[in-house]
Protein chains: 4
Amino acid sequence: MSRPSSSELRRAILDEARRVLVENGYMGLSMRPIAREVGCTATSIYLYFESKDALIHALIDEGMERLQEQFQTAVDGVDEPRRRLARLARAYLDFGLENPEYYEIMFMLHPQLMERYPPDRYRRARRNLEMFHDEMVAALGPAGWDGRDPKTESTLVWTSLHGTVSLLIAHRVDVSIDREALIERAVRQALRSLDDPDNAAIEPPQSDAARN
Amino acid sequence: MSRPSSSELRRAILDEARRVLVENGYMGLSMRPIAREVGCTATSIYLYFESKDALIHALIDEGMERLQEQFQTAVDGVDEPRRRLARLARAYLDFGLENPEYYEIMFMLHPQLMERYPPDRYRRARRNLEMFHDEMVAALGPAGWDGRDPKTESTLVWTSLHGTVSLLIAHRVDVSIDREALIERAVRQALRSLDDPDNAAIEPPQSDAARN
Amino acid sequence: MSRPSSSELRRAILDEARRVLVENGYMGLSMRPIAREVGCTATSIYLYFESKDALIHALIDEGMERLQEQFQTAVDGVDEPRRRLARLARAYLDFGLENPEYYEIMFMLHPQLMERYPPDRYRRARRNLEMFHDEMVAALGPAGWDGRDPKTESTLVWTSLHGTVSLLIAHRVDVSIDREALIERAVRQALRSLDDPDNAAIEPPQSDAARN
Amino acid sequence: MSRPSSSELRRAILDEARRVLVENGYMGLSMRPIAREVGCTATSIYLYFESKDALIHALIDEGMERLQEQFQTAVDGVDEPRRRLARLARAYLDFGLENPEYYEIMFMLHPQLMERYPPDRYRRARRNLEMFHDEMVAALGPAGWDGRDPKTESTLVWTSLHGTVSLLIAHRVDVSIDREALIERAVRQALRSLDDPDNAAIEPPQSDAARN
DNA sequence: CATGAATGAGCTTTCATTCAT
DNA sequence: CATGAATGAAAGCTCATTCAT
C-alpha cells in the first residue's frame, strides 16, 4: 500500500503541505512557499506530484489510510457490537481532532474541488464510512430497526460526528465549553439510534416551518 | 455601518456574489467577474464595499439576519418549549439547505478567513445560536440536567445539525439516502438530550486514545 | 474599420510586438519584455488584449487591412486588366518585403497556431487573395483558359510570389543575388499564365520521381 | 522486449522529434515529451545530442542528405538537360510534401533560429540548391540568357517551388484546389525561364510604389 | 550507457486594489 | 456615482539543462 517513498523530499513536501493546510486552508496552499520551506524549488515539487491537485489527492489518500488504520486499531479485539460501534465513533472524533489538516481536505473540501478527486479513489475512501453501517447492522441484527433504514441511521451517526469535529477544528465552538465533555456527549448521542427508537414526543416535521 | 440608501447596484452585487459562492465556493469568488455580470466595473464595487472581505462580511451579516428571521418565524406562536426547540432545529436545517451560499460563508469558512470578520459582529451573530441554549433551559427547567451542562448540551444540538447540513450541501451524503428522512431523523436525534440521559450501556471515553 | 484606439499604449504594444516578431519570431514573443519595453506592466497589456493570441490576431487583422489598402492603391486608376494584375503582384511583394513582421504572422505562422485565429476573420482575410483570381478572370475572359482552372492559376500566382517573399525576408536568398532583379523577375514569372499556356516541351509528372 | 541498442535509441529520438515537429512545429518540440515517448529520460537525450539545437541541426542534416539522395535518384539516367531540370523540380516538391517535418526545419525556420546552425554545414546544405543552377546552365548553355543572370534565374526556380510547398504543407492552399494539378503547374511554371524570355507585355516595376 | 534529482529562469494569466478624473 | 487605466504580487506550471552516481 505504502509507496516505495522515492525520497525524503516527497515526505517533507507532504508534511509541509499539511502544515499549511491547517493554518491557511486549501486556498492558502501554494507551491512556492512549500518549496521554500522544505528547501527546494517549486519545480522540484513537480518531480513528485504532477500537479497541485495531485498533491492534495495524495494527502487525501494518506488521510484515508490513516483513518482506516485507526478504525482497525479501535475495534481490534473488541467483540461486543455496541462497543465496537462506540469505539469507531470515538476513533473518528479523535482522528479529526488530532489531524485537522487531514480532516479538512478529506471531509471539508468544496464540492468543486472534490470533483477532481478520481472517482475510484473516492469510492475506496468512502468505504471507511461503511464501517459505521456494517457495525450498526451487526449490533442491531435484522430486527430492531422499527421501519428505519440502516443506511440512513449510519449516515446520521457520521453527520452528527462530523458536525462536532468540523466545528471544533474550525474553532467555532465556544471556548468556555469543556472540550472533552462535548466529545463524550457527541459519541453517546451519535449512538442513541441503537437504543429505543421511541421519540414520539417530538412533533413530526412541519412543512410550514420549511418555508421562508 | 453602510448607508441605508443601498442602491440597486449594491443589491445586485450581493446577489451575484451569492450566486458565485454557491457555484464556486469562497475561493472562486473574485471581483471582476462579479462586476462583469452586474454590468459595472470592478472599481464600482469598491464604492459599496471597501474590500472583498467587506463584501463577504456583508453577506455573512445578511445571512445571520435571515437566519434570525427564520428562527423567529419558526417559534412564533408556539408555546410548548419542546416544540419550540424542535421548530428551531428544523428551521436551522431548512435555512442551510435552502441557502447553501449563506451557510457556507456563515459556518464553513476556514478560521483564517473568519479571523477577519469583526469580533463584535461575530459575537452578535453567535447570539442566533444562543436560542438553542435558551430554549433548552426553558424546556428542561433548572432541574433535570442530571449533572450535564446546558451550554454543552445546546452546543451539541448545534453541531449535530451542522454536520447534517454541511455534508448535505457539500454533496457528501450518498444520493441513495432519502434526504427528507435523514433531515427528520437529524432533528429528532438532535433533541434526544431532552429525554432520558441514561446511556450507561455505552462505555466511557478512552482518554488515553484521545491524547496525542 | 479602424478601432476607436482607446489609448496610445495599445498602439505602442502592437508596435513593439511587431518589432519583436521580426527579430525573434513568434516564439520569441512574450508579454513581459513587451511590457518592459513600452513602459508598462505585463498586466496592462491585458487591458487591451485579452490574451497573447488576441494580440497576435489583432496584428494579423492590421496586416490584412494594410495589404488590402496597398492592393487598392496599386490598382487605383489602372484599367487594363493585365496591368492591374501586375500591379497587384508587385504590391504583394512590396508589402511583404516592407512589412516582414506582418507578413510572417499573416502567412508564415504554423498551422497549429493559425487554428486559433477565428475562422470568420480568417475567411475575411483570405478575400485579399481572391483579388488575384478576380483580376485574372477579368484579364483572360471566359475563354483563353485552355482547360486550365482559374482558381488553380491564381493560386499559383500567389504561391510563387509567396516563395520569393518568404525566402527573402528569412534571409535565405544568397546575398550575391540582386534583390530588385529577383523581385522583378518574380513578378513577371508569376504572370506568365496570362500568356501562352503551351508548354508541351516539358515532360508530364512522373510518379517514380515521387518515391523515396 | 529487448533494450534498444544505443544507435536505435538515437534513431528513435530523431524519429519522435520529427513526428512532433510535423504536429506541433518547432516551438512545440520539447525534450521531455520526446524522452517519455521513446521510453528514456530527458537526460539520456543529451548523451546523443548536446542540446536541443544540436538535435534540430542533426535533423536538418538528415533532411538535407535525403533531399540530396532524391535529387540524385531523380536525374539518374536522364541525359536531356531540360528533363533533368524538370525532374529536379518535381523531386523538390515531392520531398517537401512527403517530409513536411524535414522541410519545415530545413527551409521555414526563423532566421534567429537558423543563425545557430553552423555556417559550414549551412553552406554544404546550400549546395543542394546549386543543382538548379548547374542544370540550368547546362540546359541553356553559355548563350541564350539574354542578359539575364543564371544565379537569379535558378533562385527564381527555387523560390517559386518553395512557395508552393510551404503553403501546401501549412495548409494555406484552399482545399478546393486540385493538389496534383497545382503541383504540376508549379513545376512547369518554375521552368518557364528556359523558354522565351519575352515578356515585354508586362509593365516595368514601379519603383515609386515600392518605397514607403 | 543511463538515470534520478534538481535547478533557475521563464511562461501566460489572474488577483485585489488604487488613483486621477 | 462611476469609470478607465494601471499596478505589484502571485498563481500554477514548463522549459532546457546539469550533475553526481
# chains A, B, ... in the order shown; residues from 1 in each chain; ligands from 1
>>> closest_atom_pairs(of="chain D", to="chain F", cutoff="12 Å", atoms="only C-alpha atoms (C1' of nucleotides)", output="CSV")
residue,atom,partner,partner_atom,distance
D:Met27,CA,F:DC15,C1',11.3
D:Gly28,CA,F:DC15,C1',11.3
D:Leu29,CA,F:DC15,C1',10.7
D:Ser30,CA,F:DC15,C1',7.9
D:Met31,CA,F:DA16,C1',7.6
D:Arg32,CA,F:DA16,C1',9.4
D:Pro33,CA,F:DT14,C1',11.2
D:Ala42,CA,F:DT17,C1',9.7
D:Thr43,CA,F:DT17,C1',8.7
D:Ser44,CA,F:DT17,C1',11.9
D:Ile45,CA,F:DT17,C1',11.1
D:Tyr46,CA,F:DT17,C1',9.1
D:Glu50,CA,F:DT17,C1',9.8
D:Ser51,CA,F:DA16,C1',8.0
D:Lys52,CA,F:DA16,C1',7.5
D:Asp53,CA,F:DA16,C1',10.2
>>> write_last_selection(atoms="C-alpha atoms", output="compact mmCIF listing (two decimals), in the first residue's frame")
# COMPACT_ATOMS: atom_id res chain seq x y z
CA MET D 27 8.12 25.55 -30.91
CA GLY D 28 6.10 22.54 -29.87
CA LEU D 29 9.24 20.47 -29.70
CA SER D 30 10.41 19.87 -26.17
CA MET D 31 12.77 17.35 -24.72
CA ARG D 32 10.81 15.59 -22.04
CA PRO D 33 7.81 14.56 -24.11
CA ALA D 42 15.31 13.52 -20.79
CA THR D 43 18.88 13.27 -19.62
CA SER D 44 19.54 10.39 -22.00
CA ILE D 45 18.83 12.56 -24.98
CA TYR D 46 21.85 14.61 -24.01
CA GLU D 50 24.44 18.06 -26.77
CA SER D 51 21.48 20.40 -26.88
CA LYS D 52 18.07 20.88 -28.34
CA ASP D 53 19.68 22.91 -31.08
>>> residues_around(residues="His110 in chain D", least_positions_apart="6", cutoff="8 Å", atoms="only C-alpha atoms (C1' of nucleotides)", output="compact mmCIF listing (two decimals) with C-alpha atoms, in the first residue's frame")
# COMPACT_ATOMS: atom_id res chain seq x y z
CA ASN C 24 12.76 36.86 -32.63
CA GLY C 25 9.84 35.32 -34.42
CA ALA C 170 14.00 34.88 -43.94
>>> atom_distance(atom1="CA of Pro119 in chain B", atom2="CA of Leu167 in chain A")
17.6 Å
>>> interface_residues(of="chain B", to="chain A", cutoff="6 Å", atoms="only C-alpha atoms", output="number ranges by chain")
B: 74, 94, 111, 159-160, 162-164, 170, 210
>>> write_last_selection(atoms="C-alpha atoms", output="PDB file, in the first residue's frame")
ATOM      1  CA  ALA B  74     -40.407  29.229  13.426  1.00  0.00           C
ATOM      2  CA  ASP B  94     -34.083  24.348   6.303  1.00  0.00           C
ATOM      3  CA  PRO B 111     -10.668  30.035  10.683  1.00  0.00           C
ATOM      4  CA  THR B 159     -23.013  20.612  15.989  1.00  0.00           C
ATOM      5  CA  SER B 160     -25.223  17.678  15.208  1.00  0.00           C
ATOM      6  CA  HIS B 162     -24.442  21.382  11.379  1.00  0.00           C
ATOM      7  CA  GLY B 163     -22.995  18.001  10.481  1.00  0.00           C
ATOM      8  CA  THR B 164     -26.069  17.088   8.536  1.00  0.00           C
ATOM      9  CA  ALA B 170     -21.317  19.642   0.077  1.00  0.00           C
ATOM     10  CA  ALA B 210      -7.636  10.734  22.568  1.00  0.00           C
TER      11      ALA B 210
END
>>> interface_residues(of="chain E", to="chain B", cutoff="10 Å", atoms="only C-alpha atoms (C1' of nucleotides)", output="PyMOL selection string")
chain E and resi 14-18
>>> write_last_selection(atoms="C-alpha atoms (C1' of nucleotides)", output="PDB file, in the first residue's frame")
ATOM      1  C1'  DT E  14      -5.406  36.338 -12.602  1.00  0.00           C
ATOM      2  C1'  DC E  15      -5.747  38.600  -8.340  1.00  0.00           C
ATOM      3  C1'  DA E  16      -7.482  42.570  -5.243  1.00  0.00           C
ATOM      4  C1'  DT E  17      -6.748  47.057  -5.200  1.00  0.00           C
ATOM      5  C1'  DT E  18      -5.727  52.224  -6.160  1.00  0.00           C
TER       6       DT E  18
END
>>> select_by_dssp(residues="chain B", states="helix (DSSP H, G or I)", output="PyMOL selection string")
chain B and resi 8-24+26-28+31-38+42-48+52-75+81-98+100-107+111-114+119-140+150-169+179-190+192-194+207-210
>>> residues_around(residues="Arg123 in chain C", least_positions_apart="6", cutoff="12 Å", atoms="only C-alpha atoms (C1' of nucleotides)", output="mmCIF file with N, CA and C atoms, in the first residue's frame")
data_model
loop_
_atom_site.group_PDB
_atom_site.id
_atom_site.type_symbol
_atom_site.label_atom_id
_atom_site.label_comp_id
_atom_site.auth_asym_id
_atom_site.auth_seq_id
_atom_site.Cartn_x
_atom_site.Cartn_y
_atom_site.Cartn_z
ATOM 1 N N ASP C 61 -4.965 41.038 -38.205
ATOM 2 C CA ASP C 61 -6.029 41.873 -38.755
ATOM 3 C C ASP C 61 -5.453 43.156 -39.355
ATOM 4 N N MET C 64 -3.667 42.491 -42.552
ATOM 5 C CA MET C 64 -4.573 42.223 -43.661
ATOM 6 C C MET C 64 -5.201 43.517 -44.183
ATOM 7 N N TYR C 117 -6.921 31.298 -34.834
ATOM 8 C CA TYR C 117 -7.421 32.532 -35.455
ATOM 9 C C TYR C 117 -8.877 32.293 -35.825
ATOM 10 N N LEU C 129 -6.710 37.637 -51.124
ATOM 11 C CA LEU C 129 -6.045 36.847 -52.148
ATOM 12 C C LEU C 129 -6.952 36.581 -53.347
ATOM 13 N N GLU C 130 -8.255 36.697 -53.106
ATOM 14 C CA GLU C 130 -9.172 36.457 -54.215
ATOM 15 C C GLU C 130 -9.045 37.525 -55.298
ATOM 16 N N ARG D 172 -2.357 26.182 -46.213
ATOM 17 C CA ARG D 172 -2.868 27.507 -46.553
ATOM 18 C C ARG D 172 -3.592 27.518 -47.886
ATOM 19 N N ASP D 174 -6.284 26.641 -50.512
ATOM 20 C CA ASP D 174 -7.704 26.278 -50.457
ATOM 21 C C ASP D 174 -7.883 24.796 -50.781
#
>>> atom_distance(atom1="CA of Val38 in chain C", atom2="CA of Ala12 in chain C")
6.3 Å
>>> atom_distance(atom1="CA of Arg66 in chain C", atom2="CA of Glu37 in chain C")
24.7 Å
>>> decode(residues="range 154-182 of chain B", atoms="N, CA and C atoms", output="mmCIF file, in the first residue's frame")
data_model
loop_
_atom_site.group_PDB
_atom_site.id
_atom_site.type_symbol
_atom_site.label_atom_id
_atom_site.label_comp_id
_atom_site.auth_asym_id
_atom_site.auth_seq_id
_atom_site.Cartn_x
_atom_site.Cartn_y
_atom_site.Cartn_z
ATOM 1 N N SER B 154 -26.603 22.313 24.472
ATOM 2 C CA SER B 154 -27.141 23.098 23.352
ATOM 3 C C SER B 154 -26.112 23.172 22.216
ATOM 4 N N THR B 155 -24.863 23.197 22.593
ATOM 5 C CA THR B 155 -23.830 23.160 21.552
ATOM 6 C C THR B 155 -23.925 21.851 20.768
ATOM 7 N N LEU B 156 -24.220 20.813 21.485
ATOM 8 C CA LEU B 156 -24.340 19.509 20.856
ATOM 9 C C LEU B 156 -25.492 19.487 19.845
ATOM 10 N N VAL B 157 -26.552 20.143 20.200
ATOM 11 C CA VAL B 157 -27.665 20.254 19.249
ATOM 12 C C VAL B 157 -27.178 20.920 17.977
ATOM 13 N N TRP B 158 -26.472 21.979 18.169
ATOM 14 C CA TRP B 158 -25.995 22.734 17.005
ATOM 15 C C TRP B 158 -25.034 21.902 16.150
ATOM 16 N N THR B 159 -24.011 21.348 16.784
ATOM 17 C CA THR B 159 -23.013 20.612 15.989
ATOM 18 C C THR B 159 -23.662 19.459 15.240
ATOM 19 N N SER B 160 -24.633 18.831 15.876
ATOM 20 C CA SER B 160 -25.223 17.678 15.208
ATOM 21 C C SER B 160 -26.048 18.127 14.006
ATOM 22 N N LEU B 161 -26.737 19.248 14.139
ATOM 23 C CA LEU B 161 -27.469 19.790 12.983
ATOM 24 C C LEU B 161 -26.482 20.234 11.900
ATOM 25 N N HIS B 162 -25.428 20.891 12.340
ATOM 26 C CA HIS B 162 -24.442 21.382 11.379
ATOM 27 C C HIS B 162 -23.841 20.248 10.569
ATOM 28 N N GLY B 163 -23.567 19.142 11.198
ATOM 29 C CA GLY B 163 -22.995 18.001 10.481
ATOM 30 C C GLY B 163 -23.886 17.589 9.322
ATOM 31 N N THR B 164 -25.155 17.511 9.593
ATOM 32 C CA THR B 164 -26.069 17.088 8.536
ATOM 33 C C THR B 164 -26.154 18.136 7.423
ATOM 34 N N VAL B 165 -26.324 19.389 7.815
ATOM 35 C CA VAL B 165 -26.429 20.441 6.800
ATOM 36 C C VAL B 165 -25.171 20.505 5.943
ATOM 37 N N SER B 166 -24.032 20.569 6.600
ATOM 38 C CA SER B 166 -22.802 20.826 5.850
ATOM 39 C C SER B 166 -22.470 19.680 4.899
ATOM 40 N N LEU B 167 -22.710 18.462 5.331
ATOM 41 C CA LEU B 167 -22.411 17.346 4.434
ATOM 42 C C LEU B 167 -23.432 17.269 3.295
ATOM 43 N N LEU B 168 -24.652 17.637 3.582
ATOM 44 C CA LEU B 168 -25.648 17.623 2.511
ATOM 45 C C LEU B 168 -25.333 18.672 1.447
ATOM 46 N N ILE B 169 -25.036 19.896 1.871
ATOM 47 C CA ILE B 169 -24.806 20.922 0.852
ATOM 48 C C ILE B 169 -23.456 20.736 0.170
ATOM 49 N N ALA B 170 -22.585 19.942 0.756
ATOM 50 C CA ALA B 170 -21.317 19.642 0.077
ATOM 51 C C ALA B 170 -21.450 18.397 -0.787
ATOM 52 N N HIS B 171 -22.670 17.885 -0.869
ATOM 53 C CA HIS B 171 -22.936 16.694 -1.689
ATOM 54 C C HIS B 171 -22.100 15.491 -1.251
ATOM 55 N N ARG B 172 -21.922 15.380 0.053
ATOM 56 C CA ARG B 172 -21.130 14.261 0.556
ATOM 57 C C ARG B 172 -22.017 13.086 0.956
ATOM 58 N N VAL B 173 -23.284 13.369 1.131
ATOM 59 C CA VAL B 173 -24.182 12.299 1.562
ATOM 60 C C VAL B 173 -24.585 11.461 0.358
ATOM 61 N N ASP B 174 -24.496 10.176 0.521
ATOM 62 C CA ASP B 174 -24.832 9.245 -0.563
ATOM 63 C C ASP B 174 -26.211 9.584 -1.143
ATOM 64 N N VAL B 175 -26.255 9.610 -2.464
ATOM 65 C CA VAL B 175 -27.501 10.035 -3.113
ATOM 66 C C VAL B 175 -28.629 9.029 -2.895
ATOM 67 N N SER B 176 -28.279 7.805 -2.487
ATOM 68 C CA SER B 176 -29.338 6.812 -2.302
ATOM 69 C C SER B 176 -30.080 7.022 -0.981
ATOM 70 N N ILE B 177 -29.546 7.915 -0.158
ATOM 71 C CA ILE B 177 -30.216 8.209 1.107
ATOM 72 C C ILE B 177 -31.399 9.137 0.870
ATOM 73 N N ASP B 178 -32.503 8.830 1.504
ATOM 74 C CA ASP B 178 -33.678 9.702 1.397
ATOM 75 C C ASP B 178 -33.412 10.978 2.189
ATOM 76 N N ARG B 179 -33.319 12.067 1.451
ATOM 77 C CA ARG B 179 -32.932 13.334 2.050
ATOM 78 C C ARG B 179 -33.874 13.753 3.175
ATOM 79 N N GLU B 180 -35.140 13.711 2.877
ATOM 80 C CA GLU B 180 -36.115 14.186 3.855
ATOM 81 C C GLU B 180 -36.100 13.313 5.113
ATOM 82 N N ALA B 181 -35.934 12.029 4.900
ATOM 83 C CA ALA B 181 -35.892 11.120 6.047
ATOM 84 C C ALA B 181 -34.685 11.426 6.920
ATOM 85 N N LEU B 182 -33.562 11.663 6.281
ATOM 86 C CA LEU B 182 -32.353 11.981 7.038
ATOM 87 C C LEU B 182 -32.548 13.255 7.852
#
